[in-house]
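What follows is a short report on a single structure.
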Amino acid sequence: MLSFFKKIINKAQSVEQHDVEPEVEAIITPGLKPVIYTRSEHNISRNQISSNALKVLYRLKNEGYDAYLVGGCVRDLLLGREPKDFDVATNASPEQVKQAFRNCRLIGRRFRLAHVFFGREIIEVATFRGTSEQAQDVQKVDQDGRLLRDNHYGTIEEDVIRRDFTVNALYYNIKDFSIVDYVGGMEDHRAGMMRLIGDPETRYREDPVRMIRLVRFAVKLGFSINAECEKPIFHLADLLANIPAARLQDEALKLFLSGYAVETFEMLRHYGLFAHLYPVAEKSLSSEEQGFPKLFIAKALENTDIRIAEGKSIAPFFLISTFLWDAVKSQAKRNLAEGMPESVALQQAASQVISQQVKSTAFPKHMGVAMRDVWGLQARFNHRSGTRAYRLLGHPKFRAAYDFMLLQAETGGAEPELASWWTDFQVASETEQKKMLESISRSPSRKRRRKRKPSVKKQQHDE
């Protein structure tokens with residue numbers, strides 16, 4: 001059986017307020033009793049676990065601490081998937097973890113964590129988090145109930161109810177290789193159900209990003225969402241406005257770069273969450289014409305999923321540029337109507353749209369620069385005379401701009417013949433390229449300058 005937590009720390013450091021280490025008593029949450037699944041009742045084997053994670057677990061155990069694998073790694077191992085990383089939960093304080101590992105660094109202000117380094121692999125070790133009334137001196141929430149600061153340590157029972165979803169709150173105990181389940185996570189796992197721990201509305205208000213995470217996990221795992229957890233999302237989605245734009249950018253990348261972008265996009269729009277991540281794109285989607293830009297965005301998402309499935313690299317700026325392209329084009333048209341030159345109109349439109357978008361998801365400046373290049377190069381694909389084609393081919397962002405143009409051609413936003421010409425031109429030999437350019441210059445559709453006839457002066461005769 002699981003040995004309950006006796007006393008978490010004799011001296012736990014309060015990072016935010018004190019240099020002294022106050023004593024924190026263990027508190028058992030009333031009525032919260034675990035179900036223990038023995039080694040024979042689950043499919044997790046140590047052969048599936050990172051050797052470095054096992055080193056951390058065994059070292060903590062040998063030092064006299066409780067140590068568990070917890071969170072997404074346990075969930076993924078139960079599904080037969082390879083976890084992206086391995087997280088450890090323990091009753092050792094961050095300082096005690098650091099003392100046990102020379103290759104350890106303490107990080108974090110909202111909640112102190114220990115990172116144990118093994119080359120490129122990092123094993124994150126978190127001390128059990130608390131929820132008792134004793135934590136009020138170090139907890140801080142805003143007017144909507146969102147947690148702003150929380151540096152209170154607690155028991156494993158308290159740590160469980162601090163986690164977001166039941167399937168993420170399963171603990172693999174290195175002492176006997178059992179799985180410890182306090183909240184019915186194994187039952188929800190077997191039923192394929194995403195369920196929040198605690199009252200859904202309260203948990204969303206504590207951290208509105210949980211609504212986004214719920215969608216991401218439901219799509220990624222192929223799980224359904226519990227009805228009681230689904231209801232509040234529709235009227236609480238606007239709480240995302242309180243989340244820092246930089247954090248939302250990180251969460252958005254996880255949403256769309258996990259290999260399930262199409263389904264995620266549809267579910268986000270269903271719950272009204274996409275509008276708070278990309279309000280500019282949502283406005284374009286609400287006024288689409290002949291399937292554009294929805295078809296354009298959907299195709300970009302589909303291509304992203306295909307590339308991830310094939311193990312190819314993904315440029316995040318490219319996907320975001322597809323979200324914003326319709327808004328950029330629309331703004332550029334308005335700028336042209338106001339008398340701006342074409343190139344200036346597009347540049348101004350790009351600046352206006354990007355400045356609006358970064359209020360919601362604050363992507364880095366270099367991504368904005370890359371998007372401007374891709375958008376700005378679209379018009380240049382039509383100009384192929386002289387050395388223009390060669391100059392465009394040599395542009396650092398040619399490939400991204402070409403892929404963007406292909407995407408438009410597939411969805412009705414560009415001429416398929418133009419896309420086909422550039423597809424052939426970039427792989428042709430130098431001789432073939434010259435012939436292609438000559439055929440363009442001889443094309444009957446190409447306007448030619450007429451030679452001006454010399455003016456004939458009237459002959460004047462003297463009578």
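We name chains A, B, ... following the order of the structure tokens; residues begin at 1 in each chain, and ligands are numbered from 1 as shown.
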(request) as a PyMOL selection string, list the residues of segment 58-270 of chain A assigned to strand (DSSP E) by DSSP on the backbone atoms of this structure. (result) chain A and resi 67-70+87-90+104-107+113-118+121-127+140-141+147-149+170-173+178-181+193-194+224-225
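Separating atom CA of Tyr172 of chain A from atom CA of Val74 of chain A is a distance of 6.9 Å.
Checking A:Leu240, A:Ile212, A:Val328, A:Ile354 one by one against Lys254 of chain A, counting only C-alpha atoms, you find the shortest gap at A:Ile212.
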(request) Compare A:Met193, A:Val56, A:Ala169, A:Met405 by their minimum atom-to-atom distance to Phe117 of chain A, counting only C-alpha atoms, and give me the closest one. (result) A:Val56
(request) Between A:Gln408, A:Lys84, A:Gln348, A:Gly386, single out the one closest to Leu437 of chain A, counting only C-alpha atoms. (result)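 Going through A:Gln408, A:Lys84, A:Gln348, A:Gly386 one by one, the smallest distance to Leu437 of chain A is for A:Gly386.
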(request) Compile the contact shell of Ala409 of chain A as a PyMOL selection string: residues with an atom at most 12 Å away, counting only C-alpha atoms, same-chain residues fewer than 3 positions apart removed. (result) chain A and resi 292+295-296+299+378+402-406+412-423
(request) Could you give me, as number ranges by chain, the residues within 10 Å of Arg59 of chain A, counting only C-alpha atoms and dropping anything in the same chain fewer than 5 positions from it? (result) A: 53-54, 64-65, 67, 97, 100-101
Could you save the residues just selected, with all heavy atoms, as a PDB file, in the first residue's frame?
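Result saved to part24.pdb:
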ATOM      1  N   ALA A  53      15.426   9.249 -16.157  1.00  0.00           N
ATOM      2  CA  ALA A  53      14.298   9.425 -15.238  1.00  0.00           C
ATOM      3  C   ALA A  53      14.356   8.372 -14.136  1.00  0.00           C
ATOM      4  O   ALA A  53      14.088   8.667 -12.956  1.00  0.00           O
ATOM      5  CB  ALA A  53      12.973   9.333 -16.001  1.00  0.00           C
ATOM      6  N   LEU A  54      14.720   7.150 -14.501  1.00  0.00           N
ATOM      7  CA  LEU A  54      14.856   6.095 -13.488  1.00  0.00           C
ATOM      8  C   LEU A  54      15.969   6.424 -12.498  1.00  0.00           C
ATOM      9  O   LEU A  54      15.835   6.167 -11.292  1.00  0.00           O
ATOM     10  CB  LEU A  54      15.140   4.751 -14.165  1.00  0.00           C
ATOM     11  CG  LEU A  54      13.969   4.115 -14.936  1.00  0.00           C
ATOM     12  CD1 LEU A  54      14.442   2.880 -15.693  1.00  0.00           C
ATOM     13  CD2 LEU A  54      12.825   3.758 -13.982  1.00  0.00           C
ATOM     14  N   GLY A  64      15.580   8.496   0.805  1.00  0.00           N
ATOM     15  CA  GLY A  64      14.509   8.452   1.792  1.00  0.00           C
ATOM     16  C   GLY A  64      13.264   9.254   1.427  1.00  0.00           C
ATOM     17  O   GLY A  64      12.368   9.440   2.257  1.00  0.00           O
ATOM     18  N   TYR A  65      13.177   9.726   0.178  1.00  0.00           N
ATOM     19  CA  TYR A  65      12.021  10.516  -0.245  1.00  0.00           C
ATOM     20  C   TYR A  65      11.058   9.662  -1.067  1.00  0.00           C
ATOM     21  O   TYR A  65      11.437   8.621  -1.617  1.00  0.00           O
ATOM     22  CB  TYR A  65      12.470  11.707  -1.100  1.00  0.00           C
ATOM     23  CG  TYR A  65      13.453  12.614  -0.412  1.00  0.00           C
ATOM     24  CD1 TYR A  65      14.765  12.725  -0.883  1.00  0.00           C
ATOM     25  CD2 TYR A  65      13.086  13.360   0.707  1.00  0.00           C
ATOM     26  CE1 TYR A  65      15.682  13.560  -0.256  1.00  0.00           C
ATOM     27  CE2 TYR A  65      14.002  14.202   1.343  1.00  0.00           C
ATOM     28  CZ  TYR A  65      15.293  14.289   0.855  1.00  0.00           C
ATOM     29  OH  TYR A  65      16.192  15.107   1.480  1.00  0.00           O
ATOM     30  N   ALA A  67       9.001   9.234  -4.483  1.00  0.00           N
ATOM     31  CA  ALA A  67       9.276   9.695  -5.844  1.00  0.00           C
ATOM     32  C   ALA A  67       8.341   8.988  -6.813  1.00  0.00           C
ATOM     33  O   ALA A  67       8.185   7.760  -6.768  1.00  0.00           O
ATOM     34  CB  ALA A  67      10.732   9.423  -6.220  1.00  0.00           C
ATOM     35  N   VAL A  97      16.356  18.363  -3.392  1.00  0.00           N
ATOM     36  CA  VAL A  97      16.635  17.742  -4.694  1.00  0.00           C
ATOM     37  C   VAL A  97      17.985  18.217  -5.209  1.00  0.00           C
ATOM     38  O   VAL A  97      18.805  17.425  -5.688  1.00  0.00           O
ATOM     39  CB  VAL A  97      15.523  18.081  -5.711  1.00  0.00           C
ATOM     40  CG1 VAL A  97      15.878  17.527  -7.097  1.00  0.00           C
ATOM     41  CG2 VAL A  97      14.178  17.527  -5.256  1.00  0.00           C
ATOM     42  N   ALA A 100      20.783  16.516  -3.645  1.00  0.00           N
ATOM     43  CA  ALA A 100      20.946  15.121  -4.051  1.00  0.00           C
ATOM     44  C   ALA A 100      21.585  14.982  -5.436  1.00  0.00           C
ATOM     45  O   ALA A 100      22.147  13.933  -5.757  1.00  0.00           O
ATOM     46  CB  ALA A 100      19.592  14.408  -4.035  1.00  0.00           C
ATOM     47  N   PHE A 101      21.502  16.037  -6.246  1.00  0.00           N
ATOM     48  CA  PHE A 101      22.022  15.978  -7.617  1.00  0.00           C
ATOM     49  C   PHE A 101      22.936  17.171  -7.889  1.00  0.00           C
ATOM     50  O   PHE A 101      22.495  18.312  -7.818  1.00  0.00           O
ATOM     51  CB  PHE A 101      20.876  15.983  -8.642  1.00  0.00           C
ATOM     52  CG  PHE A 101      19.954  14.805  -8.543  1.00  0.00           C
ATOM     53  CD1 PHE A 101      18.799  14.878  -7.775  1.00  0.00           C
ATOM     54  CD2 PHE A 101      20.238  13.629  -9.219  1.00  0.00           C
ATOM     55  CE1 PHE A 101      17.948  13.798  -7.684  1.00  0.00           C
ATOM     56  CE2 PHE A 101      19.384  12.536  -9.136  1.00  0.00           C
ATOM     57  CZ  PHE A 101      18.240  12.609  -8.363  1.00  0.00           C
TER      58      PHE A 101
END
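The gap separating atom CA of Ser360 of chain A from atom CA of Ile314 of chain A is 21.9 Å, in Å to one decimal.
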(message) When you count only C-alpha atoms, which of these residues is closest to Asn382 of chain A: A:Met211, A:Ile440, A:Ala281, A:Ala126?
(response)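 Of A:Met211, A:Ile440, A:Ala281, A:Ala126, the one nearest Asn382 of chain A is A:Ile440, counting only C-alpha atoms.
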(request) Apply DSSP to the structure's backbone, then extract all residues of segment 317-381 of chain A labelled alpha helix (DSSP H) and return them as an MDAnalysis selection string. (result) chainID A and resid 317:337 342:357 365:377
Can you write just those residues out, N, CA and C atoms, as a compact mmCIF listing (two decimals), in the first residue's frame?
# COMPACT_ATOMS: atom_id res chain seq x y z
N PHE A 317 6.15 30.47 -38.42
CA PHE A 317 5.73 31.72 -39.04
C PHE A 317 4.89 31.48 -40.29
N PHE A 318 5.16 30.37 -40.99
CA PHE A 318 4.43 30.09 -42.23
C PHE A 318 2.96 29.86 -41.95
N LEU A 319 2.67 29.07 -40.92
CA LEU A 319 1.27 28.79 -40.59
C LEU A 319 0.55 30.05 -40.14
N ILE A 320 1.19 30.84 -39.32
CA ILE A 320 0.56 32.08 -38.85
C ILE A 320 0.34 33.03 -40.03
N SER A 321 1.26 33.03 -41.00
CA SER A 321 1.09 33.90 -42.16
C SER A 321 -0.14 33.54 -42.97
N THR A 322 -0.52 32.25 -42.96
CA THR A 322 -1.75 31.85 -43.67
C THR A 322 -2.99 32.33 -42.91
N PHE A 323 -2.90 32.35 -41.57
CA PHE A 323 -4.03 32.85 -40.78
C PHE A 323 -4.32 34.32 -41.07
N LEU A 324 -3.28 35.09 -41.30
CA LEU A 324 -3.41 36.55 -41.39
C LEU A 324 -3.47 37.08 -42.82
N TRP A 325 -3.24 36.24 -43.81
CA TRP A 325 -3.09 36.69 -45.19
C TRP A 325 -4.34 37.41 -45.71
N ASP A 326 -5.51 36.87 -45.47
CA ASP A 326 -6.73 37.49 -45.98
C ASP A 326 -6.90 38.89 -45.40
N ALA A 327 -6.60 39.05 -44.12
CA ALA A 327 -6.70 40.37 -43.48
C ALA A 327 -5.69 41.34 -44.08
N VAL A 328 -4.48 40.85 -44.39
CA VAL A 328 -3.46 41.70 -45.00
C VAL A 328 -3.91 42.17 -46.38
N LYS A 329 -4.44 41.24 -47.18
CA LYS A 329 -4.90 41.61 -48.53
C LYS A 329 -6.05 42.62 -48.47
N SER A 330 -6.97 42.40 -47.55
CA SER A 330 -8.11 43.31 -47.43
C SER A 330 -7.66 44.70 -47.02
N GLN A 331 -6.73 44.77 -46.08
CA GLN A 331 -6.23 46.07 -45.63
C GLN A 331 -5.42 46.75 -46.73
N ALA A 332 -4.67 45.96 -47.50
CA ALA A 332 -3.89 46.52 -48.60
C ALA A 332 -4.81 47.16 -49.65
N LYS A 333 -5.95 46.53 -49.93
CA LYS A 333 -6.91 47.10 -50.88
C LYS A 333 -7.44 48.44 -50.38
N ARG A 334 -7.72 48.51 -49.09
CA ARG A 334 -8.19 49.77 -48.53
C ARG A 334 -7.11 50.85 -48.61
N ASN A 335 -5.88 50.43 -48.38
CA ASN A 335 -4.77 51.39 -48.49
C ASN A 335 -4.60 51.89 -49.92
N LEU A 336 -4.77 50.98 -50.90
CA LEU A 336 -4.69 51.38 -52.30
C LEU A 336 -5.78 52.38 -52.66
N ALA A 337 -6.97 52.14 -52.11
CA ALA A 337 -8.09 53.03 -52.37
C ALA A 337 -7.84 54.43 -51.83
N GLU A 342 1.35 50.62 -54.56
CA GLU A 342 1.07 49.21 -54.29
C GLU A 342 1.99 48.61 -53.24
N SER A 343 3.31 48.84 -53.39
CA SER A 343 4.26 48.25 -52.44
C SER A 343 4.08 48.81 -51.04
N VAL A 344 3.85 50.10 -50.95
CA VAL A 344 3.64 50.75 -49.65
C VAL A 344 2.34 50.26 -49.02
N ALA A 345 1.31 50.10 -49.84
CA ALA A 345 0.00 49.65 -49.34
C ALA A 345 0.11 48.29 -48.66
N LEU A 346 0.90 47.37 -49.27
CA LEU A 346 1.07 46.04 -48.70
C LEU A 346 1.91 46.10 -47.42
N GLN A 347 2.97 46.90 -47.44
CA GLN A 347 3.82 47.02 -46.25
C GLN A 347 3.04 47.58 -45.07
N GLN A 348 2.26 48.60 -45.34
CA GLN A 348 1.45 49.21 -44.28
C GLN A 348 0.41 48.22 -43.77
N ALA A 349 -0.19 47.47 -44.68
CA ALA A 349 -1.20 46.48 -44.29
C ALA A 349 -0.58 45.41 -43.39
N ALA A 350 0.61 44.94 -43.77
CA ALA A 350 1.29 43.93 -42.96
C ALA A 350 1.57 44.46 -41.56
N SER A 351 2.04 45.70 -41.46
CA SER A 351 2.33 46.30 -40.15
C SER A 351 1.07 46.43 -39.32
N GLN A 352 -0.03 46.85 -39.94
CA GLN A 352 -1.28 47.04 -39.21
C GLN A 352 -1.83 45.72 -38.69
N VAL A 353 -1.81 44.69 -39.53
CA VAL A 353 -2.36 43.39 -39.12
C VAL A 353 -1.49 42.74 -38.05
N ILE A 354 -0.18 42.80 -38.21
CA ILE A 354 0.72 42.21 -37.22
C ILE A 354 0.58 42.92 -35.87
N SER A 355 0.49 44.25 -35.90
CA SER A 355 0.36 45.00 -34.64
C SER A 355 -0.93 44.65 -33.92
N GLN A 356 -1.98 44.33 -34.67
CA GLN A 356 -3.23 43.89 -34.05
C GLN A 356 -3.08 42.49 -33.46
N GLN A 357 -2.43 41.59 -34.23
CA GLN A 357 -2.34 40.19 -33.81
C GLN A 357 -1.49 40.00 -32.56
N LYS A 365 9.79 39.08 -33.06
CA LYS A 365 9.93 40.01 -34.18
C LYS A 365 10.41 39.31 -35.44
N HIS A 366 11.32 38.35 -35.30
CA HIS A 366 11.87 37.68 -36.49
C HIS A 366 10.79 36.91 -37.24
N MET A 367 9.77 36.44 -36.53
CA MET A 367 8.67 35.76 -37.21
C MET A 367 7.85 36.76 -38.02
N GLY A 368 7.65 37.95 -37.47
CA GLY A 368 6.93 38.99 -38.20
C GLY A 368 7.67 39.40 -39.46
N VAL A 369 9.01 39.49 -39.37
CA VAL A 369 9.83 39.84 -40.53
C VAL A 369 9.69 38.77 -41.61
N ALA A 370 9.72 37.51 -41.20
CA ALA A 370 9.60 36.41 -42.17
C ALA A 370 8.24 36.42 -42.85
N MET A 371 7.18 36.71 -42.10
CA MET A 371 5.85 36.78 -42.69
C MET A 371 5.75 37.90 -43.71
N ARG A 372 6.34 39.04 -43.38
CA ARG A 372 6.33 40.17 -44.33
C ARG A 372 7.02 39.78 -45.64
N ASP A 373 8.13 39.05 -45.53
CA ASP A 373 8.84 38.61 -46.73
C ASP A 373 7.96 37.71 -47.59
N VAL A 374 7.33 36.75 -46.96
CA VAL A 374 6.48 35.81 -47.70
C VAL A 374 5.33 36.54 -48.39
N TRP A 375 4.68 37.43 -47.68
CA TRP A 375 3.57 38.19 -48.28
C TRP A 375 4.07 39.10 -49.39
N GLY A 376 5.18 39.79 -49.15
CA GLY A 376 5.69 40.74 -50.13
C GLY A 376 6.16 40.10 -51.42
N LEU A 377 6.60 38.83 -51.35
CA LEU A 377 7.11 38.16 -52.54
C LEU A 377 6.00 37.63 -53.45
(request) Find the distance between atom CA of Lys33 of chain A and atom CA of Tyr182 of chain A and write it in Å to one decimal. (result) 5.9 Å
(request) Rank A:Ile107, A:Val70, A:Ala309, A:Ala245 by their smallest atom-to-atom distance to Ile174 of chain A, using only C-alpha atoms, and report the top residue only. (result)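 Nearest to Ile174 of chain A: A:Val70.
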List the neighbours of Leu77 of chain A out to 8 Å using only C-alpha atoms; skip same-chain residues closer than 4 positions along the sequence, and give me the result as an mmCIF file with N, CA and C atoms, in the first residue's frame.
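Okay, result13.cif is ready:
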data_model
loop_
_atom_site.group_PDB
_atom_site.id
_atom_site.type_symbol
_atom_site.label_atom_id
_atom_site.label_comp_id
_atom_site.auth_asym_id
_atom_site.auth_seq_id
_atom_site.Cartn_x
_atom_site.Cartn_y
_atom_site.Cartn_z
ATOM 1 N N ASN A 43 0.091 -1.670 -17.772
ATOM 2 C CA ASN A 43 1.023 -2.095 -18.820
ATOM 3 C C ASN A 43 2.348 -1.333 -18.843
ATOM 4 N N ILE A 44 2.617 -0.505 -17.829
ATOM 5 C CA ILE A 44 3.851 0.280 -17.844
ATOM 6 C C ILE A 44 5.033 -0.571 -17.368
ATOM 7 N N GLN A 48 10.281 1.017 -20.750
ATOM 8 C CA GLN A 48 9.722 2.116 -21.533
ATOM 9 C C GLN A 48 10.112 3.484 -20.969
ATOM 10 N N CYS A 73 3.549 11.812 -19.012
ATOM 11 C CA CYS A 73 4.360 10.641 -19.328
ATOM 12 C C CYS A 73 3.667 9.349 -18.903
ATOM 13 N N ARG A 81 2.318 4.994 -26.018
ATOM 14 C CA ARG A 81 3.038 6.017 -26.764
ATOM 15 C C ARG A 81 4.361 6.348 -26.083
ATOM 16 N N GLU A 82 5.276 6.911 -26.849
ATOM 17 C CA GLU A 82 6.561 7.330 -26.282
ATOM 18 C C GLU A 82 6.419 8.754 -25.752
ATOM 19 N N PRO A 83 6.595 8.955 -24.460
ATOM 20 C CA PRO A 83 6.447 10.297 -23.890
ATOM 21 C C PRO A 83 7.484 11.267 -24.431
#
(message) Measuring between only C-alpha atoms, which one of A:Phe111, A:Tyr37, A:Leu221, A:Lys175 shows the shortest distance to Leu60 of chain A?
(response)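 Checking each of A:Phe111, A:Tyr37, A:Leu221, A:Lys175 against Leu60 of chain A, counting only C-alpha atoms, the winner is A:Lys175.
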